[in-house]
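Structure first, then comments.
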Amino acid sequence: QKTYNMAGVGPEDVSVVEIHDAAAYGELKMSEQLGFFKHGEGGPMAEAGATTLGGKLPINVSGGLISRGHPLAATGIAQIYELTTQLRGEAGKRQVEGARIGMCENGGGQVFFEEATMGIHILEKIHL
């Protein structure tokens, strides 16, 4: 919520998301925690295609961390690169049409059942 407040946007404004998915469940859980879906709806929404390219909210159209082998130090850079590419309209077959606001979430470690540390960034397409 703090990130949304700082950026002056809400979950409904986000066009494309890159979520830390070291395990497939991570994408489902974080899609709920980031406010995109209500608790318990992340899985059903993904299964219905809402998070695919062309869906309501494309998540990890890059393939996510799992597709990259989860490179620890490069994860955040890859997420920012993907969002930048999307917002510039340069993502080719992965392009989210009309992408205007992108969000990435990257977490690490664990305290009880939550991430020990987390970085969330929101990028917006601007016209110069």
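Chains: A, B, ... in order of the structure tokens. Residues: from 1 per chain. Ligands: from 1, in order shown.
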Extract, using only C-alpha atoms, all DNA, RNA and protein residues at most 8 Å from Pro11 (chain A), discarding same-chain residues fewer than 5 positions from it, and format them as a tab-separated table (two decimals) with N, CA, C and O atoms, in the first residue's frame.
chain	number	residue	atom	x	y	z
A	4	TYR	N	1.94	2.10	-3.53
A	4	TYR	CA	0.84	2.71	-4.29
A	4	TYR	C	0.64	4.16	-3.87
A	4	TYR	O	0.48	5.04	-4.72
A	34	LEU	N	-0.67	-7.98	-3.42
A	34	LEU	CA	-0.48	-6.68	-4.05
A	34	LEU	C	-1.81	-6.02	-4.40
A	34	LEU	O	-1.84	-4.92	-4.94
A	35	GLY	N	-2.91	-6.68	-4.08
A	35	GLY	CA	-4.23	-6.09	-4.26
A	35	GLY	C	-4.86	-6.27	-5.62
A	35	GLY	O	-5.88	-5.66	-5.92
A	36	PHE	N	-4.28	-7.12	-6.46
A	36	PHE	CA	-4.85	-7.32	-7.79
A	36	PHE	C	-6.08	-8.23	-7.73
A	36	PHE	O	-7.00	-8.08	-8.52
Exercise for the section: Pick out each residue of chain A that DSSP on the backbone tags as helix (DSSP H, G or I); I need them as a PyMOL selection string. Expected result: chain A and resi 2-7+11-13+24-33+42-47+64-68+75-88+92-94
Practice task
Would you please extract all strand (DSSP E) residues from chain A, as assigned by DSSP on the backbone, and give them as a ChimeraX atom specification?
Solution key: /A:16-19,101-108,117-124
Region 63-78 of chain A: which residues within 7 Å, counting only C-alpha atoms, same-chain residues fewer than 5 positions away excluded, as a compact mmCIF listing (two decimals) with all heavy atoms, in the first residue's frame?
# COMPACT_ATOMS: atom_id res chain seq x y z
N GLU A 18 5.56 -7.78 -13.03
CA GLU A 18 6.59 -8.81 -12.90
C GLU A 18 6.67 -9.14 -11.41
O GLU A 18 7.02 -8.28 -10.60
CB GLU A 18 7.94 -8.30 -13.41
CG GLU A 18 8.04 -8.22 -14.91
CD GLU A 18 8.14 -9.59 -15.56
OE1 GLU A 18 9.01 -10.40 -15.16
OE2 GLU A 18 7.36 -9.86 -16.49
N HIS A 20 7.98 -11.77 -8.24
CA HIS A 20 8.96 -12.76 -7.80
C HIS A 20 8.26 -14.12 -7.72
O HIS A 20 7.38 -14.33 -6.90
CB HIS A 20 9.50 -12.35 -6.43
CG HIS A 20 10.56 -13.26 -5.91
ND1 HIS A 20 11.88 -12.90 -5.89
CD2 HIS A 20 10.50 -14.51 -5.39
CE1 HIS A 20 12.59 -13.88 -5.37
NE2 HIS A 20 11.77 -14.87 -5.06
N ASP A 21 8.65 -15.01 -8.61
CA ASP A 21 8.02 -16.34 -8.64
C ASP A 21 9.06 -17.44 -8.60
O ASP A 21 9.12 -18.28 -9.48
CB ASP A 21 7.12 -16.48 -9.88
CG ASP A 21 7.90 -16.43 -11.18
OD1 ASP A 21 9.06 -15.99 -11.18
OD2 ASP A 21 7.35 -16.85 -12.21
N ALA A 22 9.86 -17.46 -7.53
CA ALA A 22 10.85 -18.54 -7.38
C ALA A 22 10.14 -19.89 -7.37
O ALA A 22 10.72 -20.90 -7.73
CB ALA A 22 11.66 -18.33 -6.11
N ASN A 106 9.91 -7.91 -5.84
CA ASN A 106 10.99 -8.87 -5.67
C ASN A 106 11.23 -9.05 -4.18
O ASN A 106 11.52 -8.08 -3.48
CB ASN A 106 12.24 -8.34 -6.37
CG ASN A 106 13.30 -9.40 -6.54
OD1 ASN A 106 13.13 -10.53 -6.12
ND2 ASN A 106 14.40 -9.01 -7.14
Exercise for the section: Compile the contact shell of Pro58 (chain A) as number ranges by chain: residues with an atom at most 8 Å away, counting only C-alpha atoms, same-chain residues fewer than 3 positions apart removed. Expected result: A: 15-17, 50-55, 61, 96
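Using only C-alpha atoms, the smallest distance between any of A:Glu114, A:Glu90, A:Tyr25, A:Gly10 and Gly40 (chain A) comes from A:Tyr25.
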Practice task
Go ahead and compute the interatomic distance for CA of Asp13 (chain A) and CA of Met45 (chain A), in Å to one decimal.
Solution key: 17.8 Å
Practice task
Could you check which of A:Glu115, A:Lys38, A:Gln79, A:Leu123 is closest to Val9 (chain A), using only C-alpha atoms?
Solution key: A:Leu123
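Using only C-alpha atoms, the smallest distance between any of A:Ile80, A:Ile126, A:Ala48, A:Ile120 and Lys2 (chain A) comes from A:Ile120.
Of note, CA of Gly119 (chain A) and CA of Leu87 (chain A) are spaced 19.6 Å apart.
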Exercise for the section: Between CA of Gly42 (chain A) and CA of Met103 (chain A), measure the distance and give it in Å to one decimal. Expected result: 16.7 Å
